[in-house]
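Have a look at run-v7.pdb; it's PDB, C-alpha atoms:
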ATOM      1  CA  MET A1288       0.000   0.000   0.000
ATOM      2  CA  SER A1289       1.288   3.427  -0.842
ATOM      3  CA  ASP A1290       1.509   5.993   1.933
ATOM      4  CA  GLY A1291       1.604   8.888  -0.528
ATOM      5  CA  PRO A1292      -1.215  11.260  -1.370
ATOM      6  CA  GLY A1293      -1.947   9.520  -4.677
ATOM      7  CA  GLY A1294      -3.732   6.608  -3.001
ATOM      8  CA  THR A1295      -5.944   8.953  -0.994
ATOM      9  CA  ALA A1296      -6.829  11.020  -4.064
ATOM     10  CA  ASP A1297      -7.677   7.906  -6.079
ATOM     11  CA  SER A1298      -9.902   6.515  -3.342
ATOM     12  CA  GLY A1299     -11.611   9.903  -2.959
ATOM     13  CA  MET A1300     -12.309  10.078  -6.695
ATOM     14  CA  GLY A1301     -13.647   6.517  -6.611
ATOM     15  CA  GLU A1302     -16.022   7.362  -3.772
ATOM     16  CA  ARG A1303     -17.306  10.440  -5.625
ATOM     17  CA  LEU A1304     -17.947   8.361  -8.760
ATOM     18  CA  LYS A1305     -19.828   5.755  -6.708
ATOM     19  CA  ARG A1306     -21.998   8.441  -5.106
ATOM     20  CA  PHE A1307     -22.661  10.016  -8.518
ATOM     21  CA  GLN A1308     -23.661   6.635  -9.944
ATOM     22  CA  ALA A1309     -25.910   5.808  -7.000
ATOM     23  CA  ARG A1310     -27.627   9.184  -7.265
ATOM     24  CA  TYR A1311     -28.214   9.422 -11.015
ATOM     25  CA  GLU A1312     -28.373   5.801 -12.231
ATOM     26  CA  PRO A1313     -32.086   5.282 -11.362
ATOM     27  CA  MET A1314     -33.116   8.550 -13.018
ATOM     28  CA  PHE A1315     -31.028   7.885 -16.139
ATOM     29  CA  THR A1316     -32.376   4.340 -16.482
ATOM     30  CA  ARG A1317     -35.970   5.523 -16.125
ATOM     31  CA  VAL A1318     -35.490   8.260 -18.725
ATOM     32  CA  LEU A1319     -33.847   5.803 -21.130
ATOM     33  CA  LEU A1320     -36.628   3.219 -20.774
ATOM     34  CA  LEU A1321     -39.310   5.880 -21.182
ATOM     35  CA  ALA A1322     -37.574   7.288 -24.269
ATOM     36  CA  ILE A1323     -37.451   3.822 -25.850
ATOM     37  CA  PHE A1324     -41.146   3.357 -25.121
ATOM     38  CA  VAL A1325     -42.167   6.716 -26.593
ATOM     39  CA  THR A1326     -39.960   6.243 -29.654
ATOM     40  CA  GLY A1327     -41.298   2.743 -30.255
ATOM     41  CA  VAL A1328     -44.950   3.766 -30.018
ATOM     42  CA  THR A1329     -44.379   6.821 -32.203
ATOM     43  CA  ALA A1330     -42.538   4.790 -34.834
ATOM     44  CA  GLN A1331     -45.340   2.226 -34.895
ATOM     45  CA  PHE A1332     -48.164   4.694 -35.550
ATOM     46  CA  VAL A1333     -46.475   7.680 -37.213
ATOM     47  CA  LYS A1334     -45.354   6.483 -40.644
ATOM     48  CA  PRO A1335     -42.686   9.108 -41.365
ATOM     49  CA  VAL A1336     -40.981   8.274 -38.074
ATOM     50  CA  GLY A1337     -41.242   4.567 -38.771
ATOM     51  CA  ASP A1338     -39.810   5.043 -42.254
ATOM     52  CA  ALA A1339     -36.978   7.114 -40.857
ATOM     53  CA  LEU A1340     -36.157   4.282 -38.472
ATOM     54  CA  GLN A1341     -36.066   1.712 -41.297
ATOM     55  CA  ASP A1342     -39.680   0.580 -40.881
ATOM     56  CA  LYS A1343     -38.988  -1.807 -37.967
ATOM     57  CA  THR A1344     -41.683  -3.240 -35.759
ATOM     58  CA  PHE A1345     -41.494  -1.190 -32.587
ATOM     59  CA  LEU A1346     -44.633  -1.934 -30.613
ATOM     60  CA  GLY A1347     -43.276  -5.091 -28.949
ATOM     61  CA  GLY A1348     -40.051  -3.387 -27.929
ATOM     62  CA  ALA A1349     -41.963  -0.372 -26.698
ATOM     63  CA  LEU A1350     -44.186  -2.524 -24.506
ATOM     64  CA  LEU A1351     -41.157  -4.350 -23.110
ATOM     65  CA  SER A1352     -39.483  -1.058 -22.263
ATOM     66  CA  LEU A1353     -42.673   0.064 -20.505
ATOM     67  CA  VAL A1354     -42.683  -3.122 -18.433
ATOM     68  CA  GLY A1355     -39.028  -2.527 -17.603
ATOM     69  CA  TYR A1356     -39.844   1.035 -16.583
ATOM     70  CA  VAL A1357     -42.598  -0.122 -14.238
ATOM     71  CA  LEU A1358     -40.574  -2.967 -12.730
ATOM     72  CA  TYR A1359     -37.244  -1.138 -12.433
ATOM     73  CA  ASP A1360     -37.567  -0.201  -8.768
ATOM     74  CA  THR A1361     -38.900  -3.646  -7.861
ATOM     75  CA  VAL A1362     -35.959  -5.412  -9.497
ATOM     76  CA  LYS A1363     -33.522  -2.944  -7.938
ATOM     77  CA  ASP A1364     -34.970  -3.515  -4.460
ATOM     78  CA  LEU A1365     -34.916  -7.286  -4.987
ATOM     79  CA  ALA A1366     -31.236  -7.205  -5.933
ATOM     80  CA  ALA A1367     -30.474  -5.179  -2.825
ATOM     81  CA  SER A1368     -32.392  -7.602  -0.621
ATOM     82  CA  LEU A1369     -30.383 -10.551  -1.953
ATOM     83  CA  ARG A1370     -27.067  -9.084  -0.835
ATOM     84  CA  LEU A1371     -25.581 -10.744   2.217
ATOM     85  CA  PRO A1372     -26.198  -8.605   5.290
ATOM     86  CA  VAL A1373     -23.173  -7.029   6.953
ATOM     87  CA  ARG A1374     -22.826  -8.345  10.481
ATOM     88  CA  ALA A1375     -22.900  -5.650  13.135
ATOM     89  CA  GLN A1376     -20.725  -7.439  15.701
ATOM     90  CA  VAL A1377     -18.515 -10.522  15.862
ATOM     91  CA  GLY A1378     -16.313 -12.204  18.424
ATOM     92  CA  SER A1379     -12.534 -12.228  18.092
ATOM     93  CA  PRO A1380     -12.485 -16.019  17.487
ATOM     94  CA  GLU A1381     -14.343 -15.280  14.216
ATOM     95  CA  LEU A1382     -11.390 -13.357  12.779
ATOM     96  CA  GLY A1383     -10.433 -16.413  10.750
ATOM     97  CA  SER A1384     -13.383 -15.997   8.391
ATOM     98  CA  PHE A1385     -12.402 -12.379   7.694
ATOM     99  CA  VAL A1386      -8.795 -13.380   7.025
ATOM    100  CA  SER A1387      -9.929 -16.113   4.629
ATOM    101  CA  GLU A1388     -12.192 -13.683   2.795
ATOM    102  CA  ALA A1389      -9.403 -11.101   2.531
ATOM    103  CA  PHE A1390      -7.053 -13.647   0.946
ATOM    104  CA  ARG A1391      -9.460 -14.230  -1.928
ATOM    105  CA  ALA A1392      -8.306 -10.912  -3.365
ATOM    106  CA  ARG A1393      -5.354 -10.370  -5.663
ATOM    107  CA  ASP A1394      -3.973  -7.624  -3.409
ATOM    108  CA  VAL A1395      -4.286  -8.368   0.301
ATOM    109  CA  GLU A1396      -3.880  -5.616   2.914
ATOM    110  CA  ILE A1397      -4.337  -6.389   6.590
ATOM    111  CA  ARG A1398      -3.828  -3.785   9.303
ATOM    112  CA  PHE A1399      -3.955  -4.407  13.038
ATOM    113  CA  LEU A1400      -3.686  -2.270  16.150
ATOM    114  CA  GLY A1401      -4.012  -3.855  19.555
ATOM    115  CA  TYR A1402      -2.221  -5.891  22.204
ATOM    116  CA  THR A1403      -0.062  -8.832  21.095
ATOM    117  CA  GLY A1404      -2.196  -9.772  18.082
ATOM    118  CA  GLU A1405      -2.023 -13.455  19.014
ATOM    119  CA  THR A1406      -5.474 -14.310  17.649
ATOM    120  CA  LEU A1407      -4.725 -12.687  14.302
ATOM    121  CA  TYR A1408      -1.202 -14.105  14.178
ATOM    122  CA  ASN A1409      -2.435 -17.691  14.328
ATOM    123  CA  GLU A1410      -4.791 -17.093  11.405
ATOM    124  CA  LEU A1411      -2.203 -15.232   9.335
ATOM    125  CA  TYR A1412       0.524 -17.799   9.884
ATOM    126  CA  HIS A1413      -1.488 -20.686   8.477
ATOM    127  CA  ARG A1414      -2.884 -18.583   5.636
ATOM    128  CA  LEU A1415       0.560 -17.329   4.560
ATOM    129  CA  GLU A1416       2.027 -20.804   4.856
ATOM    130  CA  GLY A1417      -0.722 -22.079   2.570
ATOM    131  CA  LEU A1418       0.306 -19.568  -0.105
ATOM    132  CA  LEU A1419       3.654 -21.347  -0.407
ATOM    133  CA  GLU A1420       1.836 -24.348  -1.866
ATOM    134  CA  ASP A1421      -1.070 -22.666  -3.632
ATOM    135  CA  PRO A1422      -1.216 -18.866  -3.876
ATOM    136  CA  GLY A1423      -4.547 -18.942  -5.694
ATOM    137  CA  PRO A1424      -5.499 -15.466  -6.933
ATOM    138  CA  THR A1425      -3.270 -13.671  -4.403
ATOM    139  CA  ARG A1426      -0.244 -11.858  -5.795
ATOM    140  CA  ASN A1427       0.536  -9.173  -3.191
ATOM    141  CA  VAL A1428       0.276  -9.336   0.601
ATOM    142  CA  SER A1429       0.896  -6.498   3.048
ATOM    143  CA  VAL A1430       0.499  -7.056   6.796
ATOM    144  CA  ARG A1431       1.137  -4.251   9.282
ATOM    145  CA  VAL A1432       0.788  -4.791  13.019
ATOM    146  CA  LEU A1433       0.900  -2.059  15.664
ATOM    147  CA  ILE A1434       1.579  -3.226  19.228
ATOM    148  CA  PRO A1435       2.311  -1.328  22.462
ATOM    149  CA  ASP A1436       5.882  -0.382  23.251
ATOM    150  CA  PHE A1437       6.563  -2.977  25.933
ATOM    151  CA  GLY A1438       9.943  -1.379  26.577
ATOM    152  CA  GLN A1439       8.221   1.470  28.451
ATOM    153  CA  PRO A1440       6.628   1.408  31.952
ATOM    154  CA  MET A1441       2.936   0.521  31.693
ATOM    155  CA  ILE A1442      -0.166   0.337  33.866
ATOM    156  CA  VAL A1443      -1.649  -2.297  31.521
ATOM    157  CA  PRO A1444      -0.246  -4.887  31.410
ATOM    158  CA  SER A1445       0.990  -4.712  34.996
ATOM    159  CA  ARG A1446       1.008  -6.495  38.330
ATOM    160  CA  VAL A1447      -1.926  -5.958  40.678
ATOM    161  CA  GLY A1448      -0.666  -4.133  43.759
ATOM    162  CA  GLU A1449      -0.887  -5.351  47.337
ATOM    163  CA  ASP A1450      -4.061  -3.341  47.866
ATOM    164  CA  GLY A1451      -5.735  -5.459  45.185
ATOM    165  CA  VAL A1452      -6.335  -2.501  42.866
ATOM    166  CA  THR A1453      -3.280  -0.356  42.122
ATOM    167  CA  PRO A1454      -1.363  -1.362  38.964
ATOM    168  CA  VAL A1455       2.370  -1.854  39.478
ATOM    169  CA  ASP A1456       4.679  -1.875  36.481
ATOM    170  CA  ASP A1457       6.425  -5.217  35.995
ATOM    171  CA  PRO A1458       9.393  -5.094  33.565
ATOM    172  CA  ASP A1459       9.768  -8.885  33.517
ATOM    173  CA  TYR A1460       6.143  -9.390  32.531
ATOM    174  CA  ARG A1461       6.437  -6.769  29.805
ATOM    175  CA  LYS A1462       9.593  -8.457  28.533
ATOM    176  CA  ARG A1463       7.808 -11.793  28.153
ATOM    177  CA  LEU A1464       5.115 -10.150  26.060
ATOM    178  CA  GLU A1465       7.707  -8.321  23.987
ATOM    179  CA  LEU A1466       9.542 -11.570  23.230
ATOM    180  CA  LYS A1467       6.267 -13.173  22.180
ATOM    181  CA  CYS A1468       5.557 -10.333  19.737
ATOM    182  CA  ARG A1469       9.116 -10.463  18.456
ATOM    183  CA  GLU A1470       8.648 -14.149  17.674
ATOM    184  CA  TYR A1471       5.375 -13.432  15.865
ATOM    185  CA  ASP A1472       7.035 -10.719  13.791
ATOM    186  CA  GLN A1473       9.974 -12.910  12.858
ATOM    187  CA  MET A1474       7.782 -15.881  11.960
ATOM    188  CA  LEU A1475       5.464 -13.865   9.708
ATOM    189  CA  SER A1476       8.251 -11.872   8.071
ATOM    190  CA  GLY A1477      10.156 -15.116   7.489
ATOM    191  CA  ILE A1478       7.253 -16.632   5.562
ATOM    192  CA  ALA A1479       6.834 -13.344   3.675
ATOM    193  CA  GLU A1480      10.475 -13.490   2.572
ATOM    194  CA  ARG A1481      10.065 -17.073   1.380
ATOM    195  CA  LEU A1482       6.970 -16.115  -0.601
ATOM    196  CA  THR A1483       8.705 -13.164  -2.225
ATOM    197  CA  THR A1484      11.794 -15.235  -3.025
ATOM    198  CA  GLY A1485       9.577 -17.822  -4.705
ATOM    199  CA  GLY A1486       8.444 -15.140  -7.137
ATOM    200  CA  ARG A1487       4.741 -15.986  -7.230
ATOM    201  CA  VAL A1488       3.657 -13.662  -4.397
ATOM    202  CA  ILE A1489       5.209 -10.426  -3.143
ATOM    203  CA  ALA A1490       4.666 -10.286   0.617
ATOM    204  CA  GLU A1491       5.665  -8.043   3.506
ATOM    205  CA  CYS A1492       4.855  -8.388   7.205
ATOM    206  CA  GLU A1493       6.060  -5.930   9.820
ATOM    207  CA  TYR A1494       5.470  -4.951  13.446
ATOM    208  CA  ARG A1495       5.813  -1.431  14.834
ATOM    209  CA  LEU A1496       5.293   0.147  18.248
ATOM    210  CA  TYR A1497       2.861   2.720  19.578
ATOM    211  CA  PRO A1498       3.044   4.371  23.021
ATOM    212  CA  GLY A1499       0.390   3.792  25.656
ATOM    213  CA  ILE A1500      -1.785   0.953  26.876
ATOM    214  CA  PRO A1501      -3.687  -1.530  24.693
ATOM    215  CA  ARG A1502      -7.183  -0.050  24.708
ATOM    216  CA  ASP A1503      -8.466  -0.442  21.130
ATOM    217  CA  LYS A1504      -8.446  -3.588  19.038
ATOM    218  CA  ILE A1505      -8.697  -2.724  15.349
ATOM    219  CA  CYS A1506      -8.466  -4.953  12.287
ATOM    220  CA  ILE A1507      -8.771  -3.614   8.744
ATOM    221  CA  PHE A1508      -9.130  -5.999   5.828
ATOM    222  CA  ASN A1509      -8.304  -4.805   2.300
ATOM    223  CA  ARG A1510      -9.361  -1.274   3.289
ATOM    224  CA  GLU A1511     -12.963  -2.473   2.909
ATOM    225  CA  GLN A1512     -13.880  -3.806   6.347
ATOM    226  CA  VAL A1513     -13.032  -2.465   9.790
ATOM    227  CA  LEU A1514     -13.438  -4.444  13.004
ATOM    228  CA  HIS A1515     -13.154  -2.394  16.189
ATOM    229  CA  GLY A1516     -13.556  -3.265  19.828
ATOM    230  CA  LEU A1517     -12.315  -2.274  23.276
ATOM    231  CA  TYR A1518     -10.159  -4.500  25.435
ATOM    232  CA  ASP A1519     -11.247  -5.163  28.991
ATOM    233  CA  VAL A1520      -8.266  -3.365  30.503
ATOM    234  CA  ALA A1521      -9.279  -4.436  34.031
ATOM    235  CA  SER A1522      -9.167  -8.138  33.125
ATOM    236  CA  ARG A1523      -6.852 -10.142  35.376
ATOM    237  CA  THR A1524      -4.851 -13.314  34.984
ATOM    238  CA  VAL A1525      -2.725 -15.601  37.160
ATOM    239  CA  GLN A1526       0.020 -17.707  35.595
ATOM    240  CA  ARG A1527       0.388 -20.079  38.552
ATOM    241  CA  ARG A1528      -1.410 -20.353  41.843
ATOM    242  CA  SER A1529       1.621 -18.993  43.695
ATOM    243  CA  ASP A1530       2.089 -16.079  41.259
ATOM    244  CA  PRO A1531       0.621 -12.595  41.692
ATOM    245  CA  GLU A1532      -2.319 -11.351  39.637
ATOM    246  CA  TYR A1533      -1.697  -9.291  36.542
ATOM    247  CA  TYR A1534      -3.793  -6.831  34.599
ATOM    248  CA  ASP A1535      -3.717  -8.548  31.226
ATOM    249  CA  PRO A1536      -6.447  -7.970  28.584
ATOM    250  CA  LYS A1537      -7.755 -11.060  26.812
ATOM    251  CA  GLY A1538      -7.996 -10.289  23.128
ATOM    252  CA  TYR A1539      -9.902 -13.439  22.213
ATOM    253  CA  ARG A1540     -12.748 -12.309  24.480
ATOM    254  CA  THR A1541     -13.077  -8.929  22.783
ATOM    255  CA  ASP A1542     -16.237  -8.328  20.759
ATOM    256  CA  LEU A1543     -15.715  -6.345  17.580
ATOM    257  CA  ASN A1544     -18.068  -3.973  15.787
ATOM    258  CA  VAL A1545     -18.012  -4.433  12.010
ATOM    259  CA  TRP A1546     -17.986  -1.546   9.547
ATOM    260  CA  SER A1547     -17.985  -2.116   5.801
ATOM    261  CA  ARG A1548     -17.944  -0.096   2.597
ATOM    262  CA  GLN A1549     -20.914  -2.229   1.570
ATOM    263  CA  GLY A1550     -22.941  -0.547   4.293
ATOM    264  CA  GLY A1551     -24.525   2.889   4.283
ATOM    265  CA  GLU A1552     -22.838   6.260   4.035
ATOM    266  CA  ASP A1553     -22.144   6.343   7.787
ATOM    267  CA  SER A1554     -20.399   2.976   7.608
ATOM    268  CA  LYS A1555     -18.311   4.073   4.627
ATOM    269  CA  ALA A1556     -17.263   7.214   6.490
ATOM    270  CA  VAL A1557     -16.159   5.157   9.505
ATOM    271  CA  VAL A1558     -14.083   2.865   7.281
ATOM    272  CA  SER A1559     -12.384   5.852   5.651
ATOM    273  CA  ARG A1560     -11.586   7.449   9.018
ATOM    274  CA  TRP A1561     -10.060   4.273  10.467
ATOM    275  CA  ASN A1562      -8.001   3.698   7.320
ATOM    276  CA  LYS A1563      -6.561   7.188   7.576
ATOM    277  CA  HIS A1564      -6.006   6.872  11.330
ATOM    278  CA  LEU A1565      -3.998   3.656  11.058
ATOM    279  CA  ASP A1566      -2.064   4.970   8.052
ATOM    280  CA  ASP A1567      -1.067   8.020  10.100
ATOM    281  CA  LEU A1568      -0.183   5.959  13.179
ATOM    282  CA  TRP A1569       1.973   3.651  11.096
ATOM    283  CA  ARG A1570       4.017   6.540   9.729
ATOM    284  CA  LEU A1571       4.569   7.852  13.262
ATOM    285  CA  ALA A1572       5.203   4.475  14.916
ATOM    286  CA  ALA A1573       8.697   3.384  15.944
ATOM    287  CA  ARG A1574      10.397   0.263  14.676
ATOM    288  CA  PRO A1575      11.169  -2.252  17.441
ATOM    289  CA  TYR A1576      14.795  -2.724  18.385
ATOM    290  CA  TRP A1577      14.996  -6.128  16.693
ATOM    291  CA  ARG A1578      13.958  -4.498  13.415
ATOM    292  CA  GLN A1579      16.520  -1.734  13.819
ATOM    293  CA  ARG A1580      19.298  -4.291  14.228
ATOM    294  CA  THR A1581      18.182  -6.064  11.061
ATOM    295  CA  ALA A1582      18.183  -2.790   9.122
ATOM    296  CA  ALA A1583      21.666  -1.948  10.408
TER
END
Full structure transcribed into structure tokens:
Amino acid sequence: MSDGPGGTADSGMGERLKRFQARYEPMFTRVLLLAIFVTGVTAQFVKPVGDALQDKTFLGGALLSLVGYVLYDTVKDLAASLRLPVRAQVGSPELGSFVSEAFRARDVEIRFLGYTGETLYNELYHRLEGLLEDPGPTRNVSVRVLIPDFGQPMIVPSRVGEDGVTPVDDPDYRKRLELKCREYDQMLSGIAERLTTGGRVIAECEYRLYPGIPRDKICIFNREQVLHGLYDVASRTVQRRSDPEYYDPKGYRTDLNVWSRQGGEDSKAVVSRWNKHLDDLWRLAARPYWRQRTAA
């Protein structure tokens, strides 16, 4: 995906053309059908007009155009009713179906902002690995993952204080999460390199860091669908019975609201805003230290 202004301008022009088509297509179709009807009837009964139009038989065509004119709205509404409804909310375990759908495209773009991205990682790993054997229609894959900067002190994740409420920063706990994300990044980028080397698919997968706590969970698929939910930042976990409690959001329990360009104007506006927001965050986000070493 290009970060330059060209992509934004192209998408803006595309949206304007879609709105223009949606606004004027019904009126244009009605006028065209009515014109065919009037011309056909006139040519049938007014001889000079019929002669000018090569003396064809127009009454049947005129009647058909009239039927089309009358039934146009009905057929249009029927086609709309047959479209699959866009789900309003899904659970995080359902991410797999969205990943599978995204990989049916020639150009695949997946964006994520959240905690460790473990749920998404598992789906992406198997999907990317499958491309090594059979890429299908996919030719380009871009995966960008934004995770918290676990190198900084945090209140979430953190250890629950002795009073049972106060969050206490725990560098060791943060380090374990950081190592997990590092492994995810290296595994996905490794498969991406193998795909690109094979020559059938060009793939890139990269992790970057944002400051702050993991509050929002956002997945964007091919710039067409946005899934957004809020982590339960007060969720607690215990590794072992003898260990302390930790504030540790559970991503797989997070419900996600679904926004799609196939929805109404409000839904399309939400998708556009989230696309821009994650594009901007990505440009501002820092590369993790393991990426900086690789670049050096």
- Item | Residues within 8 Å of (-13.4, -2.4, 5.2), counting all atoms listed in the file, listed as a ChimeraX atom specification | /A:1507-1513,1546-1548,1558
- For this file, the PyMOL selection byres ((chain A and resi 1517) around 8) selects which residues, as a list of chain:residue names? A:Arg1502, A:Asp1503, A:Lys1504, A:His1515, A:Gly1516, A:Tyr1518, A:Asp1519, A:Thr1541, A:Asp1542, A:Leu1543
- What's the 12 Å shell around segment 1469-1477 of chain A, counting only C-alpha atoms, without same-chain residues fewer than 4 positions away, as a count of residues only? 46
- Counting all atoms listed in the file, the residue of A:Gln1376, A:Ser1445, A:Asn1562, A:Ser1384 that sits nearest Ala1521 of chain A: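 Counting all atoms listed in the file, the residue closest to Ala1521 of chain A is A:Ser1445.
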- Query: Written as a PyMOL selection string, which residues does the PyMOL selection byres ((chain A and resi 1390) around 10) give for the file shown?
  - Reply: chain A and resi 1385-1389+1391-1397+1411+1414-1415+1418+1422-1428+1508-1509
- Grab the atom CA of Asp1456 of chain A to atom CA of Pro1435 of chain A distance for me, in Å with one decimal place. 14.2 Å
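Here the question is which of A:Gln1549, A:Pro1458, A:Tyr1497, A:Pro1380 gets nearest to Asp1567 of chain A using only C-alpha atoms, and that residue is A:Tyr1497.
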- Message: Quick one: residues within 7 Å of Asp1457 of chain A, all atoms listed in the file, excluding same-chain residues fewer than 3 positions away - as an MDAnalysis selection string?
- Response: chainID A and resid 1445:1446 1460:1461
- Message: If I take atom CA of Ile1505 of chain A and atom CA of Leu1565 of chain A, how far is one from the other in Å, to one decimal?
- Response: 9.0 Å
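From atom CA of His1564 of chain A back to atom CA of Gln1579 of chain A, the distance works out to 24.2 Å.
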Per residue of segment 1446-1519 of chain A within 9 Å of segment 1527-1534 of chain A, which atom pair is closest and at what distance in Å (one decimal), using all atoms listed in the file, listed by chain and increasing number, as a Markdown table?
| residue | atom | partner | partner_atom | distance |
| --- | --- | --- | --- | --- |
| A:Arg1446 | CA | A:Tyr1533 | CA | 4.3 |
| A:Val1447 | CA | A:Tyr1533 | CA | 5.3 |
| A:Gly1448 | CA | A:Glu1532 | CA | 8.5 |
| A:Gly1451 | CA | A:Glu1532 | CA | 8.8 |
| A:Pro1454 | CA | A:Tyr1534 | CA | 7.4 |
| A:Val1455 | CA | A:Tyr1533 | CA | 9.0 |
| A:Tyr1460 | CA | A:Tyr1533 | CA | 8.8 |
